[in-house]
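Asks: Structure supplied as my_file_33.pdb; contents: PDB, C-alpha atoms, pLDDT in the B column.
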```pdb
ATOM      1  CA  PRO A  28     124.693  71.814  99.654  1.00 74.00           C
ATOM      2  CA  THR A  29     121.679  70.631  97.696  1.00 89.00           C
ATOM      3  CA  PRO A  30     119.512  73.277  95.992  1.00 89.00           C
ATOM      4  CA  ASP A  31     116.882  72.954  98.727  1.00 90.00           C
ATOM      5  CA  ARG A  32     119.440  73.368 101.508  1.00 92.00           C
ATOM      6  CA  ARG A  33     121.025  76.319  99.740  1.00 92.00           C
ATOM      7  CA  ALA A  34     117.616  77.940  99.347  1.00 92.00           C
ATOM      8  CA  THR A  35     116.813  77.333 103.020  1.00 93.00           C
ATOM      9  CA  ARG A  36     120.159  78.765 104.116  1.00 92.00           C
ATOM     10  CA  ASP A  37     119.715  81.905 102.020  1.00 89.00           C
ATOM     11  CA  ALA A  38     116.113  82.295 103.096  1.00 92.00           C
ATOM     12  CA  LEU A  39     116.811  82.001 106.817  1.00 93.00           C
ATOM     13  CA  GLY A  40     119.738  84.405 106.572  1.00 88.00           C
ATOM     14  CA  VAL A  41     117.613  87.043 104.884  1.00 87.00           C
ATOM     15  CA  GLY A  42     114.494  86.402 106.957  1.00 89.00           C
ATOM     16  CA  VAL A  43     116.240  86.725 110.302  1.00 88.00           C
ATOM     17  CA  ALA A  44     118.534  89.616 109.317  1.00 83.00           C
ATOM     18  CA  VAL A  45     115.802  91.758 107.787  1.00 84.00           C
ATOM     19  CA  GLY A  46     113.192  90.628 110.293  1.00 86.00           C
ATOM     20  CA  LEU A  47     115.210  92.093 113.143  1.00 83.00           C
ATOM     21  CA  SER A  48     114.914  95.532 111.552  1.00 82.00           C
ATOM     22  CA  GLY A  49     111.247  95.400 112.528  1.00 87.00           C
ATOM     23  CA  PHE A  50     112.555  96.486 115.929  1.00 86.00           C
ATOM     24  CA  ALA A  51     113.426  99.859 114.385  1.00 83.00           C
ATOM     25  CA  PHE A  52     109.935 100.162 112.961  1.00 87.00           C
ATOM     26  CA  GLY A  53     108.353  99.382 116.319  1.00 89.00           C
ATOM     27  CA  VAL A  54     110.451 102.056 118.025  1.00 85.00           C
ATOM     28  CA  TYR A  55     109.842 104.558 115.232  1.00 83.00           C
ATOM     29  CA  ALA A  56     106.067 103.993 115.212  1.00 88.00           C
ATOM     30  CA  ALA A  57     105.821 104.272 118.981  1.00 87.00           C
ATOM     31  CA  GLY A  58     107.842 107.492 118.885  1.00 81.00           C
ATOM     32  CA  ALA A  59     105.472 108.869 116.251  1.00 83.00           C
ATOM     33  CA  GLY A  60     102.529 108.413 118.597  1.00 85.00           C
ATOM     34  CA  LEU A  61     101.034 105.137 117.374  1.00 89.00           C
ATOM     35  CA  SER A  62      99.677 102.804 120.001  1.00 90.00           C
ATOM     36  CA  LEU A  63     101.048  99.311 120.554  1.00 91.00           C
ATOM     37  CA  LEU A  64      98.013  97.811 118.809  1.00 93.00           C
ATOM     38  CA  GLN A  65      98.265 100.144 115.804  1.00 92.00           C
ATOM     39  CA  THR A  66     101.971  99.420 115.414  1.00 93.00           C
ATOM     40  CA  CYS A  67     101.533  95.650 115.534  1.00 94.00           C
ATOM     41  CA  VAL A  68      98.520  95.683 113.205  1.00 94.00           C
ATOM     42  CA  LEU A  69     100.570  97.533 110.576  1.00 93.00           C
ATOM     43  CA  SER A  70     103.272  94.860 110.664  1.00 94.00           C
ATOM     44  CA  LEU A  71     100.759  92.016 110.642  1.00 95.00           C
ATOM     45  CA  PHE A  72      98.590  93.220 107.767  1.00 94.00           C
ATOM     46  CA  VAL A  73     100.735  95.609 105.718  1.00 92.00           C
ATOM     47  CA  PHE A  74     104.005  93.664 106.029  1.00 92.00           C
ATOM     48  CA  THR A  75     106.140  95.709 103.688  1.00 89.00           C
ATOM     49  CA  GLY A  76     108.724  97.691 105.583  1.00 85.00           C
ATOM     50  CA  ALA A  77     109.207 100.574 103.161  1.00 81.00           C
ATOM     51  CA  SER A  78     105.479 101.335 103.070  1.00 84.00           C
ATOM     52  CA  GLN A  79     105.212 101.074 106.839  1.00 88.00           C
ATOM     53  CA  PHE A  80     108.089 103.497 107.415  1.00 84.00           C
ATOM     54  CA  ALA A  81     106.672 105.878 104.786  1.00 80.00           C
ATOM     55  CA  LEU A  82     103.236 105.855 106.406  1.00 85.00           C
ATOM     56  CA  VAL A  83     104.522 106.441 109.931  1.00 85.00           C
ATOM     57  CA  GLY A  84     107.022 109.057 108.733  1.00 78.00           C
ATOM     58  CA  ALA A  85     104.305 111.068 107.018  1.00 78.00           C
ATOM     59  CA  ILE A  86     102.094 110.897 110.100  1.00 81.00           C
ATOM     60  CA  ALA A  87     104.997 111.867 112.383  1.00 77.00           C
ATOM     61  CA  SER A  88     105.677 114.960 110.269  1.00 72.00           C
ATOM     62  CA  GLY A  89     102.078 116.094 110.643  1.00 75.00           C
ATOM     63  CA  GLY A  90     100.802 114.949 107.260  1.00 70.00           C
ATOM     64  CA  ASN A  91      97.235 114.033 106.430  1.00 76.00           C
ATOM     65  CA  PRO A  92      96.578 110.341 107.248  1.00 79.00           C
ATOM     66  CA  TYR A  93      94.919 109.779 103.860  1.00 80.00           C
ATOM     67  CA  THR A  94      97.854 111.326 102.019  1.00 76.00           C
ATOM     68  CA  ALA A  95     100.238 109.230 104.107  1.00 77.00           C
ATOM     69  CA  ALA A  96      98.272 106.080 103.269  1.00 83.00           C
ATOM     70  CA  ALA A  97      98.297 106.969  99.564  1.00 81.00           C
ATOM     71  CA  GLY A  98     102.076 107.370  99.574  1.00 76.00           C
ATOM     72  CA  ALA A  99     102.510 104.046 101.353  1.00 81.00           C
ATOM     73  CA  PHE A 100     100.157 102.404  98.844  1.00 84.00           C
ATOM     74  CA  PHE A 101     102.101 103.651  95.822  1.00 80.00           C
ATOM     75  CA  LEU A 102     105.342 102.517  97.395  1.00 78.00           C
ATOM     76  CA  GLY A 103     103.860  99.040  97.863  1.00 84.00           C
ATOM     77  CA  VAL A 104     102.592  98.806  94.271  1.00 85.00           C
ATOM     78  CA  ARG A 105     106.058  97.628  93.209  1.00 83.00           C
ATOM     79  CA  ASN A 106     105.247  94.271  94.789  1.00 90.00           C
ATOM     80  CA  ALA A 107     102.663  93.712  92.054  1.00 90.00           C
ATOM     81  CA  PHE A 108     105.497  93.624  89.510  1.00 88.00           C
ATOM     82  CA  TYR A 109     107.221  90.927  91.569  1.00 92.00           C
ATOM     83  CA  GLY A 110     103.975  88.958  91.557  1.00 93.00           C
ATOM     84  CA  LEU A 111     103.816  88.997  87.762  1.00 92.00           C
ATOM     85  CA  ARG A 112     107.189  87.246  87.662  1.00 92.00           C
ATOM     86  CA  LEU A 113     106.677  84.966  90.660  1.00 94.00           C
ATOM     87  CA  ALA A 114     103.267  83.558  89.665  1.00 93.00           C
ATOM     88  CA  PRO A 115     104.404  81.608  86.571  1.00 93.00           C
ATOM     89  CA  MET A 116     107.734  80.750  88.194  1.00 94.00           C
ATOM     90  CA  LEU A 117     106.388  79.224  91.427  1.00 94.00           C
ATOM     91  CA  GLN A 118     103.069  77.921  90.056  1.00 93.00           C
ATOM     92  CA  LEU A 119     101.526  77.649  93.510  1.00 92.00           C
ATOM     93  CA  PRO A 120      98.103  75.990  93.976  1.00 91.00           C
ATOM     94  CA  ARG A 121      95.174  78.342  93.483  1.00 91.00           C
ATOM     95  CA  ALA A 122      94.017  77.978  97.097  1.00 92.00           C
ATOM     96  CA  VAL A 123      97.458  79.053  98.372  1.00 91.00           C
ATOM     97  CA  LYS A 124      97.922  82.103  96.141  1.00 91.00           C
ATOM     98  CA  PRO A 125      95.862  84.602  98.240  1.00 90.00           C
ATOM     99  CA  PHE A 126      97.984  83.786 101.296  1.00 91.00           C
ATOM    100  CA  ALA A 127     101.249  83.745  99.343  1.00 93.00           C
ATOM    101  CA  ALA A 128     100.443  87.186  97.914  1.00 93.00           C
ATOM    102  CA  HIS A 129     100.869  88.637 101.401  1.00 94.00           C
ATOM    103  CA  TRP A 130     104.511  87.533 101.308  1.00 95.00           C
ATOM    104  CA  VAL A 131     105.323  88.984  97.882  1.00 95.00           C
ATOM    105  CA  ILE A 132     107.897  91.573  98.927  1.00 93.00           C
ATOM    106  CA  ASP A 133     111.467  92.536  98.030  1.00 88.00           C
ATOM    107  CA  GLU A 134     113.240  89.909 100.105  1.00 89.00           C
ATOM    108  CA  THR A 135     111.112  86.871  99.230  1.00 93.00           C
ATOM    109  CA  SER A 136     111.277  87.782  95.550  1.00 93.00           C
ATOM    110  CA  VAL A 137     115.050  88.191  95.465  1.00 89.00           C
ATOM    111  CA  VAL A 138     115.687  84.907  97.291  1.00 92.00           C
ATOM    112  CA  ALA A 139     113.268  83.048  94.998  1.00 94.00           C
ATOM    113  CA  PHE A 140     114.786  84.567  91.848  1.00 92.00           C
ATOM    114  CA  ALA A 141     118.280  83.531  92.956  1.00 89.00           C
ATOM    115  CA  GLN A 142     117.418  79.809  93.139  1.00 92.00           C
ATOM    116  CA  LYS A 143     117.588  77.246  90.345  1.00 89.00           C
ATOM    117  CA  GLY A 144     114.661  74.899  89.858  1.00 91.00           C
ATOM    118  CA  ARG A 145     111.017  75.359  90.815  1.00 93.00           C
ATOM    119  CA  ARG A 146     111.270  73.350  94.038  1.00 94.00           C
ATOM    120  CA  ALA A 147     114.221  75.412  95.327  1.00 94.00           C
ATOM    121  CA  GLN A 148     112.444  78.604  94.286  1.00 95.00           C
ATOM    122  CA  ARG A 149     109.378  77.585  96.252  1.00 95.00           C
ATOM    123  CA  VAL A 150     111.506  76.699  99.273  1.00 95.00           C
ATOM    124  CA  GLY A 151     113.298  80.037  99.082  1.00 94.00           C
ATOM    125  CA  PHE A 152     110.047  81.974  98.815  1.00 95.00           C
ATOM    126  CA  VAL A 153     108.190  80.133 101.596  1.00 95.00           C
ATOM    127  CA  VAL A 154     111.058  79.954 104.100  1.00 95.00           C
ATOM    128  CA  THR A 155     111.958  83.606 103.555  1.00 95.00           C
ATOM    129  CA  GLY A 156     108.338  84.676 103.911  1.00 95.00           C
ATOM    130  CA  LEU A 157     107.699  82.616 107.037  1.00 95.00           C
ATOM    131  CA  SER A 158     110.940  83.488 108.871  1.00 95.00           C
ATOM    132  CA  LEU A 159     110.717  87.148 107.927  1.00 94.00           C
ATOM    133  CA  TYR A 160     107.048  87.414 108.906  1.00 96.00           C
ATOM    134  CA  ILE A 161     107.675  85.880 112.339  1.00 95.00           C
ATOM    135  CA  CYS A 162     110.858  87.851 113.070  1.00 94.00           C
ATOM    136  CA  TRP A 163     109.458  91.131 111.746  1.00 94.00           C
ATOM    137  CA  ASN A 164     106.326  90.978 113.854  1.00 96.00           C
ATOM    138  CA  LEU A 165     108.082  89.813 117.021  1.00 95.00           C
ATOM    139  CA  SER A 166     110.757  92.500 116.708  1.00 92.00           C
ATOM    140  CA  THR A 167     108.068  95.111 115.976  1.00 93.00           C
ATOM    141  CA  LEU A 168     106.383  94.199 119.244  1.00 94.00           C
ATOM    142  CA  LEU A 169     109.655  94.366 121.167  1.00 91.00           C
ATOM    143  CA  GLY A 170     110.558  97.684 119.563  1.00 89.00           C
ATOM    144  CA  ALA A 171     107.223  99.248 120.414  1.00 90.00           C
ATOM    145  CA  LEU A 172     107.469  98.015 124.010  1.00 89.00           C
ATOM    146  CA  GLY A 173     111.046  99.231 124.463  1.00 82.00           C
ATOM    147  CA  ALA A 174     110.796 102.545 122.590  1.00 74.00           C
ATOM    148  CA  GLU A 175     111.160 104.719 125.670  1.00 64.00           C
ATOM    149  CA  ALA A 176     114.254 102.901 126.935  1.00 67.00           C
ATOM    150  CA  LEU A 177     116.075 103.082 123.580  1.00 63.00           C
ATOM    151  CA  GLY A 178     116.151 106.877 123.272  1.00 61.00           C
ATOM    152  CA  ASP A 179     117.101 108.474 119.948  1.00 61.00           C
ATOM    153  CA  THR A 180     116.319 105.814 117.323  1.00 58.00           C
ATOM    154  CA  ASP A 181     117.883 107.724 114.440  1.00 58.00           C
ATOM    155  CA  ALA A 182     121.328 107.249 115.990  1.00 62.00           C
ATOM    156  CA  TRP A 183     121.058 103.457 115.692  1.00 61.00           C
ATOM    157  CA  GLY A 184     120.381 103.337 111.952  1.00 60.00           C
ATOM    158  CA  LEU A 185     118.418 100.091 112.241  1.00 54.00           C
ATOM    159  CA  ASP A 186     116.073 101.067 109.402  1.00 55.00           C
ATOM    160  CA  ALA A 187     118.991 100.695 106.979  1.00 61.00           C
ATOM    161  CA  ALA A 188     119.351  96.953 107.664  1.00 58.00           C
ATOM    162  CA  GLY A 189     116.575  95.911 105.272  1.00 55.00           C
ATOM    163  CA  PRO A 190     117.721  97.931 102.227  1.00 65.00           C
ATOM    164  CA  ALA A 191     121.351  96.935 102.859  1.00 68.00           C
ATOM    165  CA  VAL A 192     120.521  93.221 102.802  1.00 60.00           C
ATOM    166  CA  PHE A 193     118.358  93.666  99.704  1.00 62.00           C
ATOM    167  CA  LEU A 194     121.161  95.422  97.812  1.00 73.00           C
ATOM    168  CA  ALA A 195     123.657  92.771  98.910  1.00 69.00           C
ATOM    169  CA  LEU A 196     121.381  90.086  97.446  1.00 64.00           C
ATOM    170  CA  LEU A 197     120.644  91.991  94.255  1.00 71.00           C
ATOM    171  CA  ALA A 198     124.197  93.035  93.332  1.00 77.00           C
ATOM    172  CA  PRO A 199     125.533  89.540  92.449  1.00 74.00           C
ATOM    173  CA  MET A 200     122.549  88.979  90.148  1.00 71.00           C
ATOM    174  CA  LEU A 201     123.551  91.896  87.887  1.00 82.00           C
ATOM    175  CA  LYS A 202     125.828  89.910  85.568  1.00 81.00           C
ATOM    176  CA  THR A 203     125.372  91.577  82.164  1.00 87.00           C
ATOM    177  CA  GLY A 204     125.988  95.111  81.017  1.00 87.00           C
ATOM    178  CA  VAL A 205     122.299  95.613  80.256  1.00 87.00           C
ATOM    179  CA  GLU A 206     121.330  94.592  83.791  1.00 87.00           C
ATOM    180  CA  ARG A 207     123.912  96.918  85.361  1.00 89.00           C
ATOM    181  CA  VAL A 208     122.860  99.875  83.197  1.00 90.00           C
ATOM    182  CA  THR A 209     119.213  99.217  84.089  1.00 90.00           C
ATOM    183  CA  ALA A 210     120.045  99.169  87.805  1.00 88.00           C
ATOM    184  CA  VAL A 211     122.079 102.395  87.628  1.00 89.00           C
ATOM    185  CA  LEU A 212     119.362 104.189  85.662  1.00 90.00           C
ATOM    186  CA  ALA A 213     116.679 102.999  88.086  1.00 87.00           C
ATOM    187  CA  VAL A 214     118.682 104.274  91.062  1.00 86.00           C
ATOM    188  CA  ALA A 215     119.276 107.612  89.335  1.00 90.00           C
ATOM    189  CA  LEU A 216     115.573 108.031  88.563  1.00 87.00           C
ATOM    190  CA  GLY A 217     114.490 107.032  92.063  1.00 82.00           C
ATOM    191  CA  LEU A 218     116.926 109.281  93.899  1.00 84.00           C
ATOM    192  CA  GLY A 219     116.597 112.165  91.469  1.00 88.00           C
ATOM    193  CA  LEU A 220     112.813 112.307  91.667  1.00 84.00           C
ATOM    194  CA  LEU A 221     112.618 111.669  95.414  1.00 78.00           C
ATOM    195  CA  PRO A 222     112.588 115.385  96.385  1.00 83.00           C
ATOM    196  CA  VAL A 223     109.943 116.416  93.830  1.00 84.00           C
ATOM    197  CA  LEU A 224     107.402 113.560  93.728  1.00 79.00           C
ATOM    198  CA  PRO A 225     105.126 112.130  96.445  1.00 72.00           C
ATOM    199  CA  ALA A 226     106.321 109.148  98.446  1.00 63.00           C
ATOM    200  CA  GLY A 227     106.125 105.912  96.474  1.00 62.00           C
ATOM    201  CA  VAL A 228     105.915 107.491  93.023  1.00 74.00           C
ATOM    202  CA  PRO A 229     109.707 107.661  92.385  1.00 78.00           C
ATOM    203  CA  VAL A 230     109.916 103.880  92.817  1.00 73.00           C
ATOM    204  CA  LEU A 231     107.245 103.371  90.156  1.00 74.00           C
ATOM    205  CA  VAL A 232     108.974 105.781  87.777  1.00 82.00           C
ATOM    206  CA  ALA A 233     112.274 103.981  88.369  1.00 82.00           C
ATOM    207  CA  ALA A 234     110.646 100.820  86.996  1.00 80.00           C
ATOM    208  CA  LEU A 235     110.606 102.527  83.590  1.00 85.00           C
ATOM    209  CA  ALA A 236     114.377 102.034  83.444  1.00 86.00           C
ATOM    210  CA  ALA A 237     113.908  98.430  82.302  1.00 86.00           C
ATOM    211  CA  PRO A 238     111.817  99.059  79.143  1.00 88.00           C
ATOM    212  CA  VAL A 239     113.930 102.104  78.234  1.00 90.00           C
ATOM    213  CA  VAL A 240     117.219 100.208  78.411  1.00 89.00           C
ATOM    214  CA  LEU A 241     115.766  97.190  76.616  1.00 87.00           C
ATOM    215  CA  TYR A 242     114.425  99.431  73.844  1.00 86.00           C
ATOM    216  CA  VAL A 243     117.786 101.161  73.329  1.00 87.00           C
ATOM    217  CA  HIS A 244     119.605  97.823  73.477  1.00 84.00           C
ATOM    218  CA  GLY A 245     117.230  96.369  70.883  1.00 84.00           C
ATOM    219  CA  LYS A 246     117.693  99.324  68.540  1.00 80.00           C
ATOM    220  CA  ARG A 247     121.459  98.968  68.760  1.00 82.00           C
ATOM    221  CA  GLY A 248     121.186  95.269  68.012  1.00 77.00           C
ATOM    222  CA  VAL A 249     119.111  95.964  64.906  1.00 71.00           C
ATOM    223  CA  ALA A 250     121.569  98.629  63.766  1.00 73.00           C
ATOM    224  CA  LYS A 251     124.514  96.248  64.121  1.00 75.00           C
ATOM    225  CA  GLU A 252     122.703  93.557  62.139  1.00 73.00           C
ATOM    226  CA  GLU A 253     121.966  96.039  59.343  1.00 69.00           C
ATOM    227  CA  GLU A 254     125.617  97.130  59.256  1.00 73.00           C
ATOM    228  CA  SER A 255     126.878  93.548  59.099  1.00 73.00           C
ATOM    229  CA  ALA A 256     124.393  92.765  56.327  1.00 66.00           C
TER     230      ALA A 256
END
```
Using the file provided, produce a representation of the structure as structure tokens.

Replies:
Amino acid sequence: PTPDRRATRDALGVGVAVGLSGFAFGVYAAGAGLSLLQTCVLSLFVFTGASQFALVGAIASGGNPYTAAAGAFFLGVRNAFYGLRLAPMLQLPRAVKPFAAHWVIDETSVVAFAQKGRRAQRVGFVVTGLSLYICWNLSTLLGALGAEALGDTDAWGLDAAGPAVFLALLAPMLKTGVERVTAVLAVALGLGLLPVLPAGVPVLVAALAAPVVLYVHGKRGVAKEEESA
């Protein structure tokens, strides 16, 4: 396949697969007491699954709405780091950037990063964003409408579909030892700090894995050069 076709294929696969997990969010939000309108508005305007689940989960457990919103906000801050990489890579027109920013999430970023050439990267980003946005919002609506008929949503495990697809996309991109060590350290930091820090903060701390590993790798490189000299 051509680069554009490959990007479209990857994008549609991710967009549809992850978009269907919006059904789990719709059921979960309805079970937590949110109205149909509130549930759909979250998917339309927040459109980042992890933050949406974190917000609804905090509300369902009886937490303060402002605290829940703060946790969801911090969890969504990671998308800003994707934007820093995507902006110079895609070089979208200035008028399009505010709308494209709404689609800067895990899945669109990973698909775009995996493509070769700016055109294929743009295709991957746009097709992933569009297909995922449509499928996520439609499945959210269906999930909220069918919440009562589904019963115990935890037994279905639908909320794991999104992270599973993301990890499946990310794993093949970790080709060097430095990249693998960075990923392992980030996972260790995120999981280790999850019980002791507010929602969203462990993800931000996990981002520190990259500069730490790069710093250690650079020091070792300098030491080897001094030894060889």

Asks: Between CA of Lys251 (chain A) and CA of Gly204 (chain A), what distance in Å does the model show, to one decimal?

Replies: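 Calculated distance between CA of Lys251 (chain A) and CA of Gly204 (chain A) is 17.0 Å.
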
Asks: Carefully work through the PyMOL selection byres ((chain A and resi 61) around 12) for this structure and note down the residues it includes, as a ChimeraX atom specification.

Replies: /A:52-60,62-69,82-84,86-87,171-172,174

Asks: For a test of reading the model, state the distance in Å between CA of Gly217 (chain A) and CA of Phe140 (chain A), rounded to one decimal.

Replies: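 Separation between CA of Gly217 (chain A) and CA of Phe140 (chain A): 22.5 Å.
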
Asks: Near region 220-229 of chain A, within 10 Å and counting only C-alpha atoms, which residues show up once chain neighbours fewer than 2 positions away are dropped, as a ChimeraX atom specification?

Replies: /A:77-78,81-82,85,94-105,213-218,231-234

Asks: Excluding Thr75 (chain A) and its own-chain neighbours fewer than 5 positions away, which residues fall within 10 Å of it when counting all atoms listed in the file? Please give them as a list in words.

Replies: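 After dropping sequence-adjacent residues, the list is Leu69, Ser70, Phe80, Ala99, Leu102, Gly103, Asn106, His129, Trp130, Val131, Ile132, Asp133, Glu134, Tyr160 and Trp163 of chain A.
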
Asks: Selection from above, C-alpha atoms, as an mmCIF file, keeping the file's coordinate frame, can you write it?

Replies:
```cif
data_model
loop_
_atom_site.group_PDB
_atom_site.id
_atom_site.type_symbol
_atom_site.label_atom_id
_atom_site.label_comp_id
_atom_site.auth_asym_id
_atom_site.auth_seq_id
_atom_site.Cartn_x
_atom_site.Cartn_y
_atom_site.Cartn_z
ATOM 1 C CA LEU A 69 100.570 97.533 110.576
ATOM 2 C CA SER A 70 103.272 94.860 110.664
ATOM 3 C CA PHE A 80 108.089 103.497 107.415
ATOM 4 C CA ALA A 99 102.510 104.046 101.353
ATOM 5 C CA LEU A 102 105.342 102.517 97.395
ATOM 6 C CA GLY A 103 103.860 99.040 97.863
ATOM 7 C CA ASN A 106 105.247 94.271 94.789
ATOM 8 C CA HIS A 129 100.869 88.637 101.401
ATOM 9 C CA TRP A 130 104.511 87.533 101.308
ATOM 10 C CA VAL A 131 105.323 88.984 97.882
ATOM 11 C CA ILE A 132 107.897 91.573 98.927
ATOM 12 C CA ASP A 133 111.467 92.536 98.030
ATOM 13 C CA GLU A 134 113.240 89.909 100.105
ATOM 14 C CA TYR A 160 107.048 87.414 108.906
ATOM 15 C CA TRP A 163 109.458 91.131 111.746
#
```

Asks: To one decimal in Å, tell me the separation between CA of Arg146 (chain A) and CA of Pro125 (chain A).

Replies: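 Computed distance, CA of Arg146 (chain A) to CA of Pro125 (chain A), equals 19.5 Å.
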
Asks: Calculated over all atoms listed in the file, which of the candidates A:Gln118, A:Val211, A:Arg112, A:Pro92 has the smallest distance to Val137 (chain A)?

Replies: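 Nearest candidate to Val137 (chain A) out of A:Gln118, A:Val211, A:Arg112, A:Pro92: A:Arg112.
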
Asks: Taking the file as shown, what set of residues would the PyMOL selection byres ((chain A and resi 161) around 12) give back, as a PyMOL selection string?

Replies: chain A and resi 39+42-47+49+67+70-71+74+130+154-160+162-168

Asks: If we count all atoms listed in the file, what is near Gly151 (chain A) at a cut-off of 6 Å, once residues fewer than 5 positions away on the same chain are taken out, given as a ChimeraX atom specification?

Replies: /A:34-35,38,138-139

Asks: Can you find the residues with an atom no farther than 10 Å from (105.6, 77.7, 89.6), counting all atoms listed in the file, and report them as a list in words?

Replies: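 Selection result: Arg112, Leu113, Ala114, Pro115, Met116, Leu117, Gln118, Leu119, Pro120, Gly144, Arg145, Arg146, Gln148 and Arg149 of chain A.
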
Asks: Can you write just those residues out, C-alpha atoms, as a compact mmCIF listing (two decimals), keeping the file's coordinate frame?

Replies:
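Result file follows (selection-v1.txt):
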```
# COMPACT_ATOMS: atom_id res chain seq x y z
CA ARG A 112 107.19 87.25 87.66
CA LEU A 113 106.68 84.97 90.66
CA ALA A 114 103.27 83.56 89.66
CA PRO A 115 104.40 81.61 86.57
CA MET A 116 107.73 80.75 88.19
CA LEU A 117 106.39 79.22 91.43
CA GLN A 118 103.07 77.92 90.06
CA LEU A 119 101.53 77.65 93.51
CA PRO A 120 98.10 75.99 93.98
CA GLY A 144 114.66 74.90 89.86
CA ARG A 145 111.02 75.36 90.82
CA ARG A 146 111.27 73.35 94.04
CA GLN A 148 112.44 78.60 94.29
CA ARG A 149 109.38 77.58 96.25
```

Asks: Under the rule that all atoms listed in the file are counted, which of A:Ala210, A:Gly90, A:Tyr242, A:Pro30 is the nearest residue to Ala198 (chain A)?

Replies: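 Going through A:Ala210, A:Gly90, A:Tyr242, A:Pro30 one by one, the smallest distance to Ala198 (chain A) is for A:Ala210.
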